[in-house]
$ cat work.txt   # compact mmCIF, N, CA and C atoms
# COMPACT_ATOMS: atom_id res chain seq x y z
N MET A 1 18.12 -17.61 26.73
CA MET A 1 18.59 -16.52 25.88
C MET A 1 19.29 -17.13 24.67
N LYS A 2 18.96 -16.61 23.50
CA LYS A 2 19.61 -17.07 22.29
C LYS A 2 21.05 -16.57 22.25
N HIS A 3 21.88 -17.30 21.55
CA HIS A 3 23.30 -16.93 21.44
C HIS A 3 23.45 -15.53 20.85
N ALA A 4 22.68 -15.22 19.80
CA ALA A 4 22.80 -13.90 19.15
C ALA A 4 22.44 -12.78 20.12
N ASP A 5 21.44 -13.00 20.96
CA ASP A 5 21.05 -11.99 21.96
C ASP A 5 22.18 -11.77 22.95
N HIS A 6 22.82 -12.86 23.35
CA HIS A 6 23.93 -12.77 24.28
C HIS A 6 25.09 -11.99 23.66
N VAL A 7 25.40 -12.32 22.41
CA VAL A 7 26.49 -11.63 21.70
C VAL A 7 26.21 -10.14 21.63
N THR A 8 24.97 -9.78 21.31
CA THR A 8 24.60 -8.36 21.22
C THR A 8 24.70 -7.70 22.59
N GLY A 9 24.27 -8.39 23.63
CA GLY A 9 24.37 -7.84 24.99
C GLY A 9 25.81 -7.59 25.40
N VAL A 10 26.67 -8.54 25.09
CA VAL A 10 28.10 -8.38 25.38
C VAL A 10 28.66 -7.21 24.59
N GLN A 11 28.25 -7.10 23.35
CA GLN A 11 28.70 -6.01 22.49
C GLN A 11 28.31 -4.65 23.09
N VAL A 12 27.07 -4.54 23.56
CA VAL A 12 26.61 -3.29 24.17
C VAL A 12 27.46 -2.97 25.40
N CYS A 13 27.71 -3.97 26.21
CA CYS A 13 28.49 -3.74 27.43
C CYS A 13 29.94 -3.41 27.14
N ASN A 14 30.56 -4.18 26.26
CA ASN A 14 32.00 -4.05 26.05
C ASN A 14 32.41 -2.93 25.11
N THR A 15 31.62 -2.68 24.08
CA THR A 15 32.05 -1.67 23.11
C THR A 15 31.24 -0.37 23.14
N LEU A 16 30.08 -0.42 23.75
CA LEU A 16 29.24 0.77 23.78
C LEU A 16 29.03 1.31 25.20
N GLY A 17 29.80 0.81 26.12
CA GLY A 17 29.72 1.31 27.50
C GLY A 17 28.38 1.09 28.16
N GLY A 18 27.67 0.05 27.73
CA GLY A 18 26.37 -0.26 28.32
C GLY A 18 25.23 0.59 27.80
N GLN A 19 25.48 1.42 26.82
CA GLN A 19 24.47 2.31 26.28
C GLN A 19 24.02 1.84 24.89
N LEU A 20 22.72 1.63 24.74
CA LEU A 20 22.19 1.28 23.42
C LEU A 20 22.19 2.52 22.54
N PRO A 21 22.44 2.36 21.26
CA PRO A 21 22.25 3.49 20.35
C PRO A 21 20.79 3.93 20.42
N THR A 22 20.51 5.19 20.17
CA THR A 22 19.15 5.68 20.28
C THR A 22 18.47 5.90 18.94
N SER A 23 19.15 5.57 17.86
CA SER A 23 18.53 5.70 16.54
C SER A 23 18.50 4.34 15.85
N ALA A 24 17.56 4.19 14.94
CA ALA A 24 17.45 2.93 14.20
C ALA A 24 18.71 2.68 13.38
N VAL A 25 19.22 3.71 12.74
CA VAL A 25 20.45 3.55 11.94
C VAL A 25 21.61 3.14 12.84
N GLY A 26 21.71 3.77 14.00
CA GLY A 26 22.78 3.43 14.94
C GLY A 26 22.67 1.99 15.43
N MET A 27 21.46 1.55 15.71
CA MET A 27 21.27 0.18 16.17
C MET A 27 21.66 -0.82 15.10
N GLN A 28 21.24 -0.56 13.87
CA GLN A 28 21.57 -1.47 12.78
C GLN A 28 23.07 -1.50 12.51
N SER A 29 23.71 -0.36 12.58
CA SER A 29 25.12 -0.30 12.23
C SER A 29 26.04 -0.73 13.38
N GLN A 30 25.59 -0.59 14.61
CA GLN A 30 26.46 -0.87 15.75
C GLN A 30 26.17 -2.18 16.47
N LEU A 31 25.01 -2.78 16.20
CA LEU A 31 24.64 -4.00 16.92
C LEU A 31 24.49 -5.16 15.94
N SER A 32 25.32 -6.15 16.09
CA SER A 32 25.23 -7.30 15.20
C SER A 32 23.92 -8.04 15.45
N GLY A 33 23.29 -8.47 14.37
CA GLY A 33 22.06 -9.23 14.48
C GLY A 33 20.80 -8.39 14.61
N VAL A 34 20.93 -7.07 14.64
CA VAL A 34 19.76 -6.21 14.73
C VAL A 34 19.44 -5.70 13.33
N GLY A 35 18.26 -6.07 12.84
CA GLY A 35 17.85 -5.70 11.50
C GLY A 35 16.97 -4.47 11.49
N ARG A 36 16.46 -4.19 10.33
CA ARG A 36 15.68 -2.97 10.09
C ARG A 36 14.44 -2.89 10.96
N TYR A 37 13.67 -3.98 11.02
CA TYR A 37 12.43 -3.97 11.80
C TYR A 37 12.72 -3.78 13.30
N THR A 38 13.61 -4.58 13.85
CA THR A 38 13.91 -4.50 15.28
C THR A 38 14.46 -3.13 15.65
N ALA A 39 15.37 -2.63 14.84
CA ALA A 39 15.96 -1.32 15.10
C ALA A 39 14.88 -0.23 15.08
N ALA A 40 14.01 -0.28 14.09
CA ALA A 40 12.95 0.73 13.99
C ALA A 40 11.97 0.62 15.15
N ALA A 41 11.61 -0.60 15.52
CA ALA A 41 10.67 -0.78 16.62
C ALA A 41 11.24 -0.24 17.93
N VAL A 42 12.46 -0.61 18.25
CA VAL A 42 13.07 -0.15 19.50
C VAL A 42 13.27 1.36 19.47
N ALA A 43 13.77 1.88 18.35
CA ALA A 43 14.04 3.32 18.26
C ALA A 43 12.77 4.14 18.37
N SER A 44 11.69 3.68 17.78
CA SER A 44 10.45 4.46 17.84
C SER A 44 9.74 4.31 19.17
N ILE A 45 9.68 3.09 19.68
CA ILE A 45 8.92 2.84 20.92
C ILE A 45 9.70 3.29 22.16
N ALA A 46 10.97 2.95 22.22
CA ALA A 46 11.76 3.25 23.42
C ALA A 46 12.41 4.63 23.38
N CYS A 47 12.75 5.10 22.17
CA CYS A 47 13.51 6.35 22.06
C CYS A 47 12.74 7.49 21.41
N GLY A 48 11.55 7.20 20.90
CA GLY A 48 10.73 8.25 20.30
C GLY A 48 11.17 8.71 18.93
N GLU A 49 12.05 7.94 18.28
CA GLU A 49 12.48 8.33 16.94
C GLU A 49 11.33 8.18 15.95
N THR A 50 11.22 9.11 15.05
CA THR A 50 10.15 9.09 14.04
C THR A 50 10.59 8.18 12.90
N VAL A 51 10.45 6.89 13.13
CA VAL A 51 10.81 5.89 12.13
C VAL A 51 9.74 4.80 12.15
N ALA A 52 9.27 4.45 10.97
CA ALA A 52 8.18 3.46 10.85
C ALA A 52 8.72 2.05 10.96
N VAL A 53 7.84 1.15 11.37
CA VAL A 53 8.14 -0.28 11.35
C VAL A 53 7.22 -0.94 10.33
N VAL A 54 7.73 -1.98 9.71
CA VAL A 54 6.90 -2.75 8.78
C VAL A 54 7.10 -4.22 9.08
N ASP A 55 6.03 -4.84 9.57
CA ASP A 55 5.99 -6.29 9.74
C ASP A 55 4.80 -6.78 8.92
N GLY A 56 4.44 -8.02 9.07
CA GLY A 56 3.32 -8.56 8.31
C GLY A 56 2.02 -7.83 8.59
N ASN A 57 1.81 -7.44 9.84
CA ASN A 57 0.59 -6.73 10.21
C ASN A 57 0.53 -5.35 9.57
N VAL A 58 1.62 -4.60 9.65
CA VAL A 58 1.67 -3.27 9.05
C VAL A 58 1.57 -3.37 7.54
N THR A 59 2.18 -4.39 6.97
CA THR A 59 2.09 -4.62 5.53
C THR A 59 0.64 -4.73 5.10
N ARG A 60 -0.17 -5.51 5.82
CA ARG A 60 -1.58 -5.66 5.46
C ARG A 60 -2.33 -4.34 5.57
N VAL A 61 -2.08 -3.59 6.64
CA VAL A 61 -2.78 -2.31 6.83
C VAL A 61 -2.43 -1.34 5.70
N VAL A 62 -1.15 -1.16 5.45
CA VAL A 62 -0.72 -0.19 4.43
C VAL A 62 -1.16 -0.65 3.04
N ALA A 63 -1.06 -1.94 2.76
CA ALA A 63 -1.47 -2.44 1.44
C ALA A 63 -2.96 -2.20 1.22
N ARG A 64 -3.76 -2.40 2.23
CA ARG A 64 -5.21 -2.18 2.09
C ARG A 64 -5.53 -0.68 2.06
N LEU A 65 -4.85 0.10 2.87
CA LEU A 65 -5.08 1.54 2.92
C LEU A 65 -4.76 2.19 1.58
N ARG A 66 -3.69 1.74 0.94
CA ARG A 66 -3.24 2.32 -0.33
C ARG A 66 -3.64 1.48 -1.55
N ALA A 67 -4.48 0.46 -1.33
CA ALA A 67 -4.97 -0.41 -2.42
C ALA A 67 -3.83 -0.97 -3.26
N ILE A 68 -2.85 -1.54 -2.58
CA ILE A 68 -1.70 -2.11 -3.26
C ILE A 68 -2.00 -3.57 -3.58
N GLY A 69 -2.03 -3.89 -4.86
CA GLY A 69 -2.30 -5.26 -5.29
C GLY A 69 -1.05 -6.03 -5.66
N ALA A 70 0.09 -5.36 -5.63
CA ALA A 70 1.36 -6.00 -6.00
C ALA A 70 1.75 -7.04 -4.96
N ASP A 71 2.63 -7.91 -5.36
CA ASP A 71 3.17 -8.95 -4.47
C ASP A 71 3.92 -8.27 -3.33
N VAL A 72 3.41 -8.41 -2.10
CA VAL A 72 4.04 -7.73 -0.96
C VAL A 72 5.36 -8.36 -0.54
N ALA A 73 5.72 -9.46 -1.17
CA ALA A 73 7.02 -10.08 -0.89
C ALA A 73 8.10 -9.58 -1.86
N ASP A 74 7.67 -8.92 -2.93
CA ASP A 74 8.61 -8.39 -3.91
C ASP A 74 9.46 -7.29 -3.26
N LYS A 75 10.75 -7.30 -3.52
CA LYS A 75 11.68 -6.36 -2.89
C LYS A 75 11.28 -4.90 -3.11
N ARG A 76 10.86 -4.57 -4.32
CA ARG A 76 10.46 -3.18 -4.61
C ARG A 76 9.19 -2.81 -3.86
N THR A 77 8.27 -3.75 -3.76
CA THR A 77 7.02 -3.50 -3.02
C THR A 77 7.31 -3.33 -1.54
N VAL A 78 8.19 -4.16 -1.01
CA VAL A 78 8.56 -4.05 0.41
C VAL A 78 9.14 -2.67 0.69
N GLU A 79 10.03 -2.20 -0.17
CA GLU A 79 10.62 -0.88 0.02
C GLU A 79 9.55 0.21 -0.06
N MET A 80 8.63 0.07 -0.97
CA MET A 80 7.53 1.03 -1.10
C MET A 80 6.67 1.03 0.17
N LEU A 81 6.43 -0.15 0.75
CA LEU A 81 5.64 -0.23 1.98
C LEU A 81 6.34 0.49 3.13
N TRP A 82 7.66 0.34 3.21
CA TRP A 82 8.42 1.07 4.24
C TRP A 82 8.27 2.58 4.05
N GLU A 83 8.34 3.03 2.81
CA GLU A 83 8.21 4.46 2.53
C GLU A 83 6.80 4.97 2.86
N LEU A 84 5.79 4.20 2.48
CA LEU A 84 4.41 4.60 2.78
C LEU A 84 4.14 4.60 4.27
N ALA A 85 4.66 3.61 4.97
CA ALA A 85 4.48 3.56 6.43
C ALA A 85 5.14 4.78 7.07
N GLN A 86 6.29 5.17 6.55
CA GLN A 86 6.97 6.37 7.07
C GLN A 86 6.13 7.62 6.80
N ASP A 87 5.51 7.67 5.64
CA ASP A 87 4.68 8.83 5.27
C ASP A 87 3.47 9.00 6.18
N ILE A 88 2.87 7.90 6.61
CA ILE A 88 1.65 8.00 7.43
C ILE A 88 1.93 8.00 8.93
N LEU A 89 3.19 7.88 9.30
CA LEU A 89 3.55 7.79 10.72
C LEU A 89 3.26 9.10 11.45
N ASP A 90 2.63 9.01 12.59
CA ASP A 90 2.37 10.17 13.45
C ASP A 90 3.71 10.66 13.99
N ARG A 91 4.06 11.89 13.67
CA ARG A 91 5.36 12.46 14.06
C ARG A 91 5.44 12.78 15.56
N GLN A 92 4.29 12.97 16.18
CA GLN A 92 4.27 13.33 17.60
C GLN A 92 4.42 12.10 18.50
N ARG A 93 3.88 10.97 18.06
CA ARG A 93 3.90 9.75 18.89
C ARG A 93 4.23 8.54 18.01
N PRO A 94 5.44 8.47 17.48
CA PRO A 94 5.77 7.41 16.53
C PRO A 94 5.69 6.00 17.11
N GLY A 95 6.11 5.83 18.35
CA GLY A 95 6.05 4.50 18.96
C GLY A 95 4.62 4.02 19.11
N ASP A 96 3.76 4.90 19.60
CA ASP A 96 2.34 4.55 19.75
C ASP A 96 1.70 4.28 18.39
N ALA A 97 2.05 5.10 17.40
CA ALA A 97 1.49 4.92 16.05
C ALA A 97 1.92 3.58 15.47
N ASN A 98 3.19 3.23 15.64
CA ASN A 98 3.67 1.94 15.14
C ASN A 98 2.96 0.78 15.83
N GLN A 99 2.82 0.88 17.13
CA GLN A 99 2.13 -0.18 17.86
C GLN A 99 0.67 -0.27 17.44
N ALA A 100 0.04 0.86 17.19
CA ALA A 100 -1.36 0.86 16.75
C ALA A 100 -1.51 0.20 15.38
N LEU A 101 -0.60 0.50 14.45
CA LEU A 101 -0.67 -0.12 13.13
C LEU A 101 -0.45 -1.63 13.22
N MET A 102 0.48 -2.05 14.08
CA MET A 102 0.71 -3.49 14.26
C MET A 102 -0.52 -4.16 14.84
N GLU A 103 -1.13 -3.52 15.83
CA GLU A 103 -2.34 -4.08 16.47
C GLU A 103 -3.51 -4.11 15.49
N LEU A 104 -3.68 -3.05 14.71
CA LEU A 104 -4.74 -3.02 13.71
C LEU A 104 -4.58 -4.16 12.71
N GLY A 105 -3.37 -4.38 12.27
CA GLY A 105 -3.10 -5.47 11.33
C GLY A 105 -3.33 -6.84 11.95
N ALA A 106 -3.07 -6.95 13.23
CA ALA A 106 -3.23 -8.24 13.90
C ALA A 106 -4.68 -8.56 14.23
N THR A 107 -5.49 -7.51 14.45
CA THR A 107 -6.85 -7.76 14.92
C THR A 107 -7.95 -7.46 13.88
N VAL A 108 -7.70 -6.49 13.00
CA VAL A 108 -8.74 -6.09 12.03
C VAL A 108 -8.36 -6.50 10.61
N CYS A 109 -7.18 -6.12 10.19
CA CYS A 109 -6.72 -6.44 8.83
C CYS A 109 -6.00 -7.79 8.85
N THR A 110 -6.74 -8.80 9.20
CA THR A 110 -6.14 -10.14 9.31
C THR A 110 -5.87 -10.71 7.92
N PRO A 111 -4.99 -11.70 7.84
CA PRO A 111 -4.68 -12.29 6.52
C PRO A 111 -5.92 -12.81 5.84
N LYS A 112 -5.94 -12.69 4.51
CA LYS A 112 -7.08 -13.17 3.73
C LYS A 112 -7.04 -14.68 3.63
$ encode --input "work.txt" --output "structure tokens"
Amino acid sequence: MKHADHVTGVQVCNTLGGQLPTSAVGMQSQLSGVGRYTAAAVASIACGETVAVVDGNVTRVVARLRAIGADVADKRTVEMLWELAQDILDRQRPGDANQALMELGATVCTPK
């Protein structure tokens, strides 16, 4: 176990009564070391929150779907990708939709 994971586990036990926050915003604000992607992934997959995830795989899918030719590493483009991913997210099954986009990016929309 990495030190950061241990610290976060202790934090959950000691300050949150053993209960993880159930929203992405709550996870990011209450758990040290938990960033936007991890918070969104856990919140959507485990808690059913309608929040998109954007990793390299989802970036490729959304960029190809929306014909985005801009530098996907640019801060403004990254923010736009998060917004577009949120727009296309299935509201009924957000965790499954996020996992499907990640899988599609990993298996079909592979890096050029």
$ atom_distance --input "work.txt" --atom1 "atom CA of A:His6" --atom2 "atom N of A:Ala97"
29.1 Å
$ closest_residue --input "work.txt" --among "A:Ala67, A:Val53, A:Leu101, A:Leu31" --to "A:Leu81" --atoms "only N, CA and C atoms"
A:Val53
$ closest_residue --input "work.txt" --among "A:Thr50, A:Thr107, A:Thr8, A:Gln92" --to "A:Gln30" --atoms "only N, CA and C atoms"
A:Thr8
$ select_by_dssp --input "work.txt" --residues "stretch 40-112 of chain A" --states "helix (DSSP H, G or I)" --output "number ranges by chain"
A: 40-47, 56-65, 75-88, 94-107
$ closest_residue --input "work.txt" --among "A:Ala73, A:Cys109, A:Ile45, A:Leu16" --to "A:Arg93" --atoms "only N, CA and C atoms"
A:Ile45
$ residues_around --input "work.txt" --residues "A:Ala106" --least-positions-apart "4" --cutoff "7 Å" --atoms "only N, CA and C atoms" --output "count of residues only"
6
$ axis_aligned_box --input "work.txt" --around "stretch 25-39 of chain A" --padding-each-side "3 Å" --output "AutoDock Vina command-line options"
--center_x 19.4 --center_y -2.7 --center_z 13.5 --size_x 20.0 --size_y 19.0 --size_z 12.8
$ residues_around --input "work.txt" --residues "stretch 83-91 of chain A" --least-positions-apart "4" --cutoff "8 Å" --atoms "all atoms listed in the file" --output "ChimeraX atom specification"
/A:48-54,58,62,77-79,95-98
$ atom_distance --input "work.txt" --atom1 "atom CA of A:Arg66" --atom2 "atom CA of A:Val25"
26.7 Å
$ decode --input "work.txt" --residues "stretch 97-112 of chain A" --atoms "all heavy atoms" --output "mmCIF file, in the first residue's frame"
data_model
loop_
_atom_site.group_PDB
_atom_site.id
_atom_site.type_symbol
_atom_site.label_atom_id
_atom_site.label_comp_id
_atom_site.auth_asym_id
_atom_site.auth_seq_id
_atom_site.Cartn_x
_atom_site.Cartn_y
_atom_site.Cartn_z
ATOM 1 N N ALA A 97 -21.646 3.904 -18.142
ATOM 2 C CA ALA A 97 -21.296 4.736 -19.300
ATOM 3 C C ALA A 97 -19.828 5.149 -19.240
ATOM 4 O O ALA A 97 -19.118 5.100 -20.254
ATOM 5 C CB ALA A 97 -22.204 5.962 -19.356
ATOM 6 N N ASN A 98 -19.367 5.542 -18.067
ATOM 7 C CA ASN A 98 -17.957 5.923 -17.922
ATOM 8 C C ASN A 98 -17.037 4.741 -18.223
ATOM 9 O O ASN A 98 -16.048 4.873 -18.941
ATOM 10 C CB ASN A 98 -17.681 6.460 -16.514
ATOM 11 C CG ASN A 98 -18.086 7.903 -16.367
ATOM 12 O OD1 ASN A 98 -17.981 8.696 -17.293
ATOM 13 N ND2 ASN A 98 -18.551 8.258 -15.185
ATOM 14 N N GLN A 99 -17.383 3.588 -17.691
ATOM 15 C CA GLN A 99 -16.564 2.404 -17.946
ATOM 16 C C GLN A 99 -16.576 2.041 -19.424
ATOM 17 O O GLN A 99 -15.542 1.645 -19.981
ATOM 18 C CB GLN A 99 -17.043 1.235 -17.093
ATOM 19 C CG GLN A 99 -16.739 1.431 -15.615
ATOM 20 C CD GLN A 99 -17.145 0.239 -14.790
ATOM 21 O OE1 GLN A 99 -16.508 -0.808 -14.845
ATOM 22 N NE2 GLN A 99 -18.216 0.386 -14.025
ATOM 23 N N ALA A 100 -17.717 2.196 -20.075
ATOM 24 C CA ALA A 100 -17.813 1.890 -21.500
ATOM 25 C C ALA A 100 -16.943 2.837 -22.324
ATOM 26 O O ALA A 100 -16.255 2.401 -23.257
ATOM 27 C CB ALA A 100 -19.266 1.974 -21.955
ATOM 28 N N LEU A 101 -16.962 4.129 -21.997
ATOM 29 C CA LEU A 101 -16.122 5.086 -22.726
ATOM 30 C C LEU A 101 -14.639 4.781 -22.521
ATOM 31 O O LEU A 101 -13.843 4.854 -23.463
ATOM 32 C CB LEU A 101 -16.428 6.519 -22.285
ATOM 33 C CG LEU A 101 -17.737 7.103 -22.804
ATOM 34 C CD1 LEU A 101 -18.029 8.443 -22.128
ATOM 35 C CD2 LEU A 101 -17.692 7.262 -24.314
ATOM 36 N N MET A 102 -14.268 4.416 -21.297
ATOM 37 C CA MET A 102 -12.867 4.065 -21.032
ATOM 38 C C MET A 102 -12.466 2.826 -21.822
ATOM 39 O O MET A 102 -11.386 2.772 -22.409
ATOM 40 C CB MET A 102 -12.630 3.876 -19.533
ATOM 41 C CG MET A 102 -12.706 5.175 -18.751
ATOM 42 S SD MET A 102 -12.291 4.990 -17.002
ATOM 43 C CE MET A 102 -13.799 4.280 -16.345
ATOM 44 N N GLU A 103 -13.344 1.835 -21.852
ATOM 45 C CA GLU A 103 -13.063 0.589 -22.590
ATOM 46 C C GLU A 103 -13.000 0.851 -24.092
ATOM 47 O O GLU A 103 -12.128 0.313 -24.782
ATOM 48 C CB GLU A 103 -14.139 -0.449 -22.271
ATOM 49 C CG GLU A 103 -13.912 -1.796 -22.888
ATOM 50 C CD GLU A 103 -12.749 -2.566 -22.282
ATOM 51 O OE1 GLU A 103 -12.262 -2.204 -21.188
ATOM 52 O OE2 GLU A 103 -12.298 -3.543 -22.924
ATOM 53 N N LEU A 104 -13.917 1.655 -24.603
ATOM 54 C CA LEU A 104 -13.903 2.006 -26.025
ATOM 55 C C LEU A 104 -12.596 2.681 -26.404
ATOM 56 O O LEU A 104 -11.984 2.360 -27.429
ATOM 57 C CB LEU A 104 -15.093 2.916 -26.352
ATOM 58 C CG LEU A 104 -15.267 3.321 -27.805
ATOM 59 C CD1 LEU A 104 -15.528 2.108 -28.685
ATOM 60 C CD2 LEU A 104 -16.398 4.329 -27.935
ATOM 61 N N GLY A 105 -12.151 3.594 -25.576
ATOM 62 C CA GLY A 105 -10.887 4.279 -25.831
ATOM 63 C C GLY A 105 -9.686 3.348 -25.752
ATOM 64 O O GLY A 105 -8.699 3.522 -26.481
ATOM 65 N N ALA A 106 -9.772 2.360 -24.885
ATOM 66 C CA ALA A 106 -8.653 1.433 -24.720
ATOM 67 C C ALA A 106 -8.580 0.391 -25.822
ATOM 68 O O ALA A 106 -7.495 -0.086 -26.178
ATOM 69 C CB ALA A 106 -8.765 0.734 -23.358
ATOM 70 N N THR A 107 -9.745 0.042 -26.394
ATOM 71 C CA THR A 107 -9.752 -1.069 -27.345
ATOM 72 C C THR A 107 -10.002 -0.655 -28.809
ATOM 73 O O THR A 107 -9.541 -1.342 -29.714
ATOM 74 C CB THR A 107 -10.829 -2.108 -26.947
ATOM 75 O OG1 THR A 107 -12.101 -1.478 -26.922
ATOM 76 C CG2 THR A 107 -10.510 -2.718 -25.603
ATOM 77 N N VAL A 108 -10.753 0.418 -29.012
ATOM 78 C CA VAL A 108 -11.100 0.830 -30.385
ATOM 79 C C VAL A 108 -10.404 2.132 -30.769
ATOM 80 O O VAL A 108 -9.770 2.220 -31.804
ATOM 81 C CB VAL A 108 -12.636 0.956 -30.551
ATOM 82 C CG1 VAL A 108 -12.975 1.430 -31.941
ATOM 83 C CG2 VAL A 108 -13.308 -0.391 -30.261
ATOM 84 N N CYS A 109 -10.555 3.137 -29.949
ATOM 85 C CA CYS A 109 -9.935 4.449 -30.233
ATOM 86 C C CYS A 109 -8.539 4.488 -29.626
ATOM 87 O O CYS A 109 -8.243 5.290 -28.744
ATOM 88 C CB CYS A 109 -10.790 5.582 -29.659
ATOM 89 S SG CYS A 109 -12.365 5.796 -30.486
ATOM 90 N N THR A 110 -7.700 3.619 -30.114
ATOM 91 C CA THR A 110 -6.338 3.522 -29.563
ATOM 92 C C THR A 110 -5.505 4.709 -30.031
ATOM 93 O O THR A 110 -5.843 5.365 -31.017
ATOM 94 C CB THR A 110 -5.691 2.194 -29.982
ATOM 95 O OG1 THR A 110 -5.729 2.114 -31.405
ATOM 96 C CG2 THR A 110 -6.422 1.005 -29.383
ATOM 97 N N PRO A 111 -4.411 4.987 -29.324
ATOM 98 C CA PRO A 111 -3.564 6.127 -29.725
ATOM 99 C C PRO A 111 -3.085 5.992 -31.155
ATOM 100 O O PRO A 111 -2.818 4.903 -31.633
ATOM 101 C CB PRO A 111 -2.409 6.056 -28.737
ATOM 102 C CG PRO A 111 -2.907 5.278 -27.577
ATOM 103 C CD PRO A 111 -3.903 4.306 -28.147
ATOM 104 N N LYS A 112 -2.967 7.139 -31.825
ATOM 105 C CA LYS A 112 -2.503 7.146 -33.219
ATOM 106 C C LYS A 112 -1.003 6.924 -33.263
ATOM 107 O O LYS A 112 -0.266 7.280 -32.424
ATOM 108 C CB LYS A 112 -2.845 8.476 -33.880
ATOM 109 C CG LYS A 112 -4.333 8.660 -34.047
ATOM 110 C CD LYS A 112 -4.594 10.006 -34.703
ATOM 111 C CE LYS A 112 -6.089 10.217 -34.855
ATOM 112 N NZ LYS A 112 -6.413 11.483 -35.486
#
